[in-house]
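One structure is given here, and the rest of the page talks about it.
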Amino acid sequence: MTTPRAGTSNRATRILGAAALSTLAATVVLGLFVTKPDEVQGESVRLIYIHPGGAWTAYLAFGVTALASALYLWPRTRSRLWDLIAGASAELGVLFIALTLVLGSIWGRATWGVWWTWDARLTTTALLLALYLGYLALRRVPASVEVRSKRSAVAALIAAVDIPIVHMSVEWWRTLHQGRTVLRPHPQIHGLQLQTLLLGVVAMTLVYAWLLIHRFRVELLEEKLDDIGLEHAIAERRAEAGVRS
C-alpha cells in the first residue's frame, strides 16, 4: 500500500514541477521577447512580469505559515506536521520577498534614479523580510520541540500582521511606488502584457508549491533522522548501564 502511494505522490510532484518550469519559461519568453516596451518606462517594464508575482508568492507563503501556525496552536488540530509546514513555507517566503526587494530595487533605479528610498511600500516590505528572518532564527533557538514550536507559531502570527500593511501601504500613504495595477476598477495594463503578468503569477505560485513539497519532505527526513539518532543514543546508554551492572 505504501509504495503505490509514494509513486503517485512522486508522479504528481513531477507533473507539478514540469508545469512550474513550463509556465516560468513561457513567462520569460513572452516577457523578454514577445511583449513590447512601455512608452514611458521602456524596457524596464519587463520586470512587471516577475516582480508582482514574487510579491504575491511571498504573501501566499507567509499566509500559509500563519495558517499552519494557527492550526498548531489550536489544541484540536495541533500536529507536528503543521509546525514543519509553517517553517518550510516561511523559508520560501523569505526567498520570494528578498527576490521582490531585489527586483524592486533594480526597477526603482531605472524609474526613480535611486536603488533605495524609504518609501512606505519599500520600508514595510523590508520590515516583513526582517520579521520572518527573525522567525526563522527563533526556530533555531535551543528548546524542547513543543516549546520551540509554540513560540515560533506565536511569532509567525505576529509577523503576519505586516502583510496587509505592506499590501495597503500604497493606498494608506502617499508613496513613490505605483498603486494597484490590476486589482482596480480600470486596470492599467491590458492585452498580452496583462496575460503575461498573470502567467508570471501562476508560474511563481507553481514554483512555490513545488519547492514547498520538497522542503517539507526534507523536514520530515530530518525529523526521522533525529528520532533515529535519539533512539540510538538511548540504546547505547542502556547498553552501557547493562555492562556496568
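By convention here, the chains of the C-alpha cells are called A, B, ... in the order presented, each chain's residues are numbered starting at 1, and ligands are numbered starting at 1 in the order presented.
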Step one, run DSSP on the backbone; step two, keep only residues of range 39-236 of chain A assigned to alpha helix (DSSP H); then write them as a PDB file with C-alpha atoms, in the first residue's frame.
ATOM      1  CA  HIS A  51       8.063  41.444  -9.626  1.00  0.00           C
ATOM      2  CA  PRO A  52       4.337  41.305  -8.693  1.00  0.00           C
ATOM      3  CA  GLY A  53       4.381  37.502  -8.926  1.00  0.00           C
ATOM      4  CA  GLY A  54       7.243  37.375  -6.446  1.00  0.00           C
ATOM      5  CA  ALA A  55       5.379  39.654  -4.035  1.00  0.00           C
ATOM      6  CA  TRP A  56       2.157  37.655  -4.329  1.00  0.00           C
ATOM      7  CA  THR A  57       4.004  34.386  -3.742  1.00  0.00           C
ATOM      8  CA  ALA A  58       5.686  35.820  -0.644  1.00  0.00           C
ATOM      9  CA  TYR A  59       2.252  36.839   0.684  1.00  0.00           C
ATOM     10  CA  LEU A  60       0.994  33.337  -0.043  1.00  0.00           C
ATOM     11  CA  ALA A  61       3.949  31.665   1.659  1.00  0.00           C
ATOM     12  CA  PHE A  62       3.662  33.808   4.786  1.00  0.00           C
ATOM     13  CA  GLY A  63      -0.095  33.286   4.780  1.00  0.00           C
ATOM     14  CA  VAL A  64       0.426  29.519   4.753  1.00  0.00           C
ATOM     15  CA  THR A  65       2.900  29.927   7.619  1.00  0.00           C
ATOM     16  CA  ALA A  66       0.344  31.911   9.618  1.00  0.00           C
ATOM     17  CA  LEU A  67      -2.440  29.411   8.911  1.00  0.00           C
ATOM     18  CA  ALA A  68      -0.281  26.407   9.793  1.00  0.00           C
ATOM     19  CA  SER A  69       0.874  28.173  12.956  1.00  0.00           C
ATOM     20  CA  ALA A  70      -2.713  28.876  13.996  1.00  0.00           C
ATOM     21  CA  LEU A  71      -3.620  25.245  13.394  1.00  0.00           C
ATOM     22  CA  TYR A  72      -0.675  24.176  15.526  1.00  0.00           C
ATOM     23  CA  LEU A  73      -1.685  26.455  18.388  1.00  0.00           C
ATOM     24  CA  ARG A  80       3.951  18.435  14.459  1.00  0.00           C
ATOM     25  CA  LEU A  81       3.267  18.453  10.718  1.00  0.00           C
ATOM     26  CA  TRP A  82       1.722  21.937  10.905  1.00  0.00           C
ATOM     27  CA  ASP A  83       4.867  23.277  12.531  1.00  0.00           C
ATOM     28  CA  LEU A  84       7.040  21.714   9.818  1.00  0.00           C
ATOM     29  CA  ILE A  85       4.838  23.188   7.088  1.00  0.00           C
ATOM     30  CA  ALA A  86       4.979  26.611   8.756  1.00  0.00           C
ATOM     31  CA  GLY A  87       8.769  26.567   8.872  1.00  0.00           C
ATOM     32  CA  ALA A  88       9.187  25.311   5.319  1.00  0.00           C
ATOM     33  CA  SER A  89       6.761  27.887   3.919  1.00  0.00           C
ATOM     34  CA  ALA A  90       8.423  30.730   5.848  1.00  0.00           C
ATOM     35  CA  GLU A  91      11.793  29.854   4.322  1.00  0.00           C
ATOM     36  CA  LEU A  92      10.300  30.106   0.847  1.00  0.00           C
ATOM     37  CA  GLY A  93       8.501  33.318   1.751  1.00  0.00           C
ATOM     38  CA  VAL A  94      11.824  34.868   2.759  1.00  0.00           C
ATOM     39  CA  LEU A  95      13.287  33.771  -0.574  1.00  0.00           C
ATOM     40  CA  PHE A  96      10.458  35.330  -2.582  1.00  0.00           C
ATOM     41  CA  ILE A  97      10.254  38.560  -0.569  1.00  0.00           C
ATOM     42  CA  ALA A  98      14.020  39.002  -0.954  1.00  0.00           C
ATOM     43  CA  LEU A  99      13.612  38.475  -4.710  1.00  0.00           C
ATOM     44  CA  THR A 100      10.828  41.062  -4.699  1.00  0.00           C
ATOM     45  CA  LEU A 101      13.049  43.615  -2.973  1.00  0.00           C
ATOM     46  CA  VAL A 102      15.956  42.991  -5.343  1.00  0.00           C
ATOM     47  CA  LEU A 103      13.797  43.308  -8.454  1.00  0.00           C
ATOM     48  CA  GLY A 104      12.054  46.347  -6.998  1.00  0.00           C
ATOM     49  CA  SER A 105      15.421  47.965  -6.323  1.00  0.00           C
ATOM     50  CA  ILE A 106      16.505  47.409  -9.929  1.00  0.00           C
ATOM     51  CA  TRP A 107      13.193  48.793 -11.167  1.00  0.00           C
ATOM     52  CA  GLY A 108      13.498  51.774  -8.808  1.00  0.00           C
ATOM     53  CA  ARG A 109      16.961  52.572 -10.149  1.00  0.00           C
ATOM     54  CA  ALA A 110      15.579  52.628 -13.688  1.00  0.00           C
ATOM     55  CA  THR A 111      12.435  54.677 -12.940  1.00  0.00           C
ATOM     56  CA  ALA A 120       6.183  53.266   2.679  1.00  0.00           C
ATOM     57  CA  ARG A 121       5.880  50.175   0.459  1.00  0.00           C
ATOM     58  CA  LEU A 122       9.624  49.526   0.447  1.00  0.00           C
ATOM     59  CA  THR A 123      10.030  50.097   4.166  1.00  0.00           C
ATOM     60  CA  THR A 124       7.147  47.847   5.209  1.00  0.00           C
ATOM     61  CA  THR A 125       8.373  45.155   2.813  1.00  0.00           C
ATOM     62  CA  ALA A 126      11.885  45.321   4.272  1.00  0.00           C
ATOM     63  CA  LEU A 127      10.306  45.057   7.727  1.00  0.00           C
ATOM     64  CA  LEU A 128       8.397  41.967   6.596  1.00  0.00           C
ATOM     65  CA  LEU A 129      11.654  40.354   5.499  1.00  0.00           C
ATOM     66  CA  ALA A 130      13.273  41.213   8.831  1.00  0.00           C
ATOM     67  CA  LEU A 131      10.332  39.812  10.806  1.00  0.00           C
ATOM     68  CA  TYR A 132      10.429  36.447   9.073  1.00  0.00           C
ATOM     69  CA  LEU A 133      14.203  36.236   9.250  1.00  0.00           C
ATOM     70  CA  GLY A 134      13.703  36.696  12.977  1.00  0.00           C
ATOM     71  CA  TYR A 135      11.060  33.975  12.924  1.00  0.00           C
ATOM     72  CA  LEU A 136      13.456  31.551  11.230  1.00  0.00           C
ATOM     73  CA  ALA A 137      16.174  32.465  13.729  1.00  0.00           C
ATOM     74  CA  LEU A 138      13.741  31.821  16.588  1.00  0.00           C
ATOM     75  CA  VAL A 145      10.211  20.657  20.320  1.00  0.00           C
ATOM     76  CA  GLU A 146       6.888  21.710  21.851  1.00  0.00           C
ATOM     77  CA  VAL A 147       8.205  24.947  23.361  1.00  0.00           C
ATOM     78  CA  ARG A 148      10.049  25.898  20.185  1.00  0.00           C
ATOM     79  CA  SER A 149       7.019  25.152  18.017  1.00  0.00           C
ATOM     80  CA  LYS A 150       4.621  27.160  20.200  1.00  0.00           C
ATOM     81  CA  ARG A 151       6.757  30.266  20.445  1.00  0.00           C
ATOM     82  CA  SER A 152       7.545  30.099  16.724  1.00  0.00           C
ATOM     83  CA  ALA A 153       3.827  29.854  15.935  1.00  0.00           C
ATOM     84  CA  VAL A 154       3.086  32.936  18.046  1.00  0.00           C
ATOM     85  CA  ALA A 155       5.916  34.844  16.347  1.00  0.00           C
ATOM     86  CA  ALA A 156       4.574  33.865  12.908  1.00  0.00           C
ATOM     87  CA  LEU A 157       1.117  35.214  13.727  1.00  0.00           C
ATOM     88  CA  ILE A 158       2.586  38.482  14.997  1.00  0.00           C
ATOM     89  CA  ALA A 159       4.745  38.868  11.875  1.00  0.00           C
ATOM     90  CA  ASP A 162       2.608  43.280   8.496  1.00  0.00           C
ATOM     91  CA  ILE A 163       1.308  41.512   5.363  1.00  0.00           C
ATOM     92  CA  PRO A 164      -1.880  43.611   4.927  1.00  0.00           C
ATOM     93  CA  ILE A 165       0.093  46.715   5.904  1.00  0.00           C
ATOM     94  CA  VAL A 166       2.537  46.069   3.063  1.00  0.00           C
ATOM     95  CA  HIS A 167      -0.275  45.427   0.600  1.00  0.00           C
ATOM     96  CA  MET A 168      -2.309  48.503   1.567  1.00  0.00           C
ATOM     97  CA  SER A 169       0.632  50.862   2.059  1.00  0.00           C
ATOM     98  CA  VAL A 170       0.191  52.416  -1.395  1.00  0.00           C
ATOM     99  CA  GLU A 171      -3.423  53.201  -0.513  1.00  0.00           C
ATOM    100  CA  TRP A 172      -2.872  54.443   3.040  1.00  0.00           C
ATOM    101  CA  GLY A 191      -3.812  42.564 -23.642  1.00  0.00           C
ATOM    102  CA  LEU A 192      -0.697  40.444 -23.912  1.00  0.00           C
ATOM    103  CA  GLN A 193       1.040  42.400 -21.148  1.00  0.00           C
ATOM    104  CA  LEU A 194      -1.739  41.573 -18.694  1.00  0.00           C
ATOM    105  CA  GLN A 195      -1.783  37.933 -19.804  1.00  0.00           C
ATOM    106  CA  THR A 196       1.992  37.656 -19.344  1.00  0.00           C
ATOM    107  CA  LEU A 197       1.796  39.255 -15.906  1.00  0.00           C
ATOM    108  CA  LEU A 198      -0.904  36.799 -14.824  1.00  0.00           C
ATOM    109  CA  LEU A 199       1.100  33.924 -16.289  1.00  0.00           C
ATOM    110  CA  GLY A 200       4.061  35.077 -14.206  1.00  0.00           C
ATOM    111  CA  VAL A 201       1.908  34.987 -11.078  1.00  0.00           C
ATOM    112  CA  VAL A 202       0.774  31.446 -11.915  1.00  0.00           C
ATOM    113  CA  ALA A 203       4.377  30.386 -12.607  1.00  0.00           C
ATOM    114  CA  MET A 204       5.618  31.761  -9.286  1.00  0.00           C
ATOM    115  CA  THR A 205       2.769  30.070  -7.437  1.00  0.00           C
ATOM    116  CA  LEU A 206       3.566  26.712  -9.027  1.00  0.00           C
ATOM    117  CA  VAL A 207       7.272  27.115  -8.252  1.00  0.00           C
ATOM    118  CA  TYR A 208       6.381  27.848  -4.634  1.00  0.00           C
ATOM    119  CA  ALA A 209       4.110  24.799  -4.389  1.00  0.00           C
ATOM    120  CA  TRP A 210       6.791  22.537  -5.879  1.00  0.00           C
ATOM    121  CA  LEU A 211       9.500  23.885  -3.579  1.00  0.00           C
ATOM    122  CA  LEU A 212       7.224  23.644  -0.540  1.00  0.00           C
ATOM    123  CA  ILE A 213       6.569  19.953  -1.146  1.00  0.00           C
ATOM    124  CA  HIS A 214      10.279  19.186  -1.419  1.00  0.00           C
ATOM    125  CA  ARG A 215      11.262  21.364   1.536  1.00  0.00           C
ATOM    126  CA  PHE A 216       8.570  19.708   3.660  1.00  0.00           C
ATOM    127  CA  ARG A 217       9.858  16.275   2.674  1.00  0.00           C
ATOM    128  CA  VAL A 218      13.367  17.295   3.731  1.00  0.00           C
ATOM    129  CA  GLU A 219      11.967  18.468   7.080  1.00  0.00           C
ATOM    130  CA  LEU A 220      10.292  15.084   7.558  1.00  0.00           C
ATOM    131  CA  LEU A 221      13.520  13.243   6.750  1.00  0.00           C
ATOM    132  CA  GLU A 222      15.456  15.401   9.214  1.00  0.00           C
ATOM    133  CA  GLU A 223      12.797  14.671  11.834  1.00  0.00           C
ATOM    134  CA  LYS A 224      13.143  10.934  11.252  1.00  0.00           C
ATOM    135  CA  LEU A 225      16.935  11.131  11.410  1.00  0.00           C
ATOM    136  CA  ASP A 226      16.721  12.981  14.706  1.00  0.00           C
ATOM    137  CA  ASP A 227      14.378  10.304  16.083  1.00  0.00           C
ATOM    138  CA  ILE A 228      16.692   7.523  14.912  1.00  0.00           C
ATOM    139  CA  GLY A 229      19.668   9.300  16.445  1.00  0.00           C
ATOM    140  CA  LEU A 230      17.823   9.714  19.732  1.00  0.00           C
ATOM    141  CA  GLU A 231      16.780   6.065  19.787  1.00  0.00           C
ATOM    142  CA  HIS A 232      20.352   5.017  19.022  1.00  0.00           C
ATOM    143  CA  ALA A 233      21.707   7.201  21.821  1.00  0.00           C
ATOM    144  CA  ILE A 234      19.161   5.770  24.291  1.00  0.00           C
ATOM    145  CA  ALA A 235      20.077   2.229  23.242  1.00  0.00           C
ATOM    146  CA  GLU A 236      23.768   2.975  23.771  1.00  0.00           C
TER     147      GLU A 236
END
Next item on the list: Please indicate the distance in Å from CA of Ile15 in chain A to CA of Thr27 in chain A, rounded to one decimal place.
Entry: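 Calculated distance between CA of Ile15 in chain A and CA of Thr27 in chain A is 18.2 Å.
You can rank A:Gln41, A:Ile50, A:Ser144, A:Ser79 by their closest distance to Ala26 in chain A using only C-alpha atoms, and at the top of that list sits A:Ile50.
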Next item on the list: Would you mind telling me which residue in A:Val141, A:Leu176, A:Leu32, A:Ala160 lies nearest to Gly113 in chain A when using only C-alpha atoms?
Entry: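 Looking only at the distances to Gly113 in chain A, the closest residue turns out to be A:Leu176.
For the atom pair formed by CA of Val28 in chain A and CA of Tyr49 in chain A, the distance is 8.3 Å, given to one decimal.
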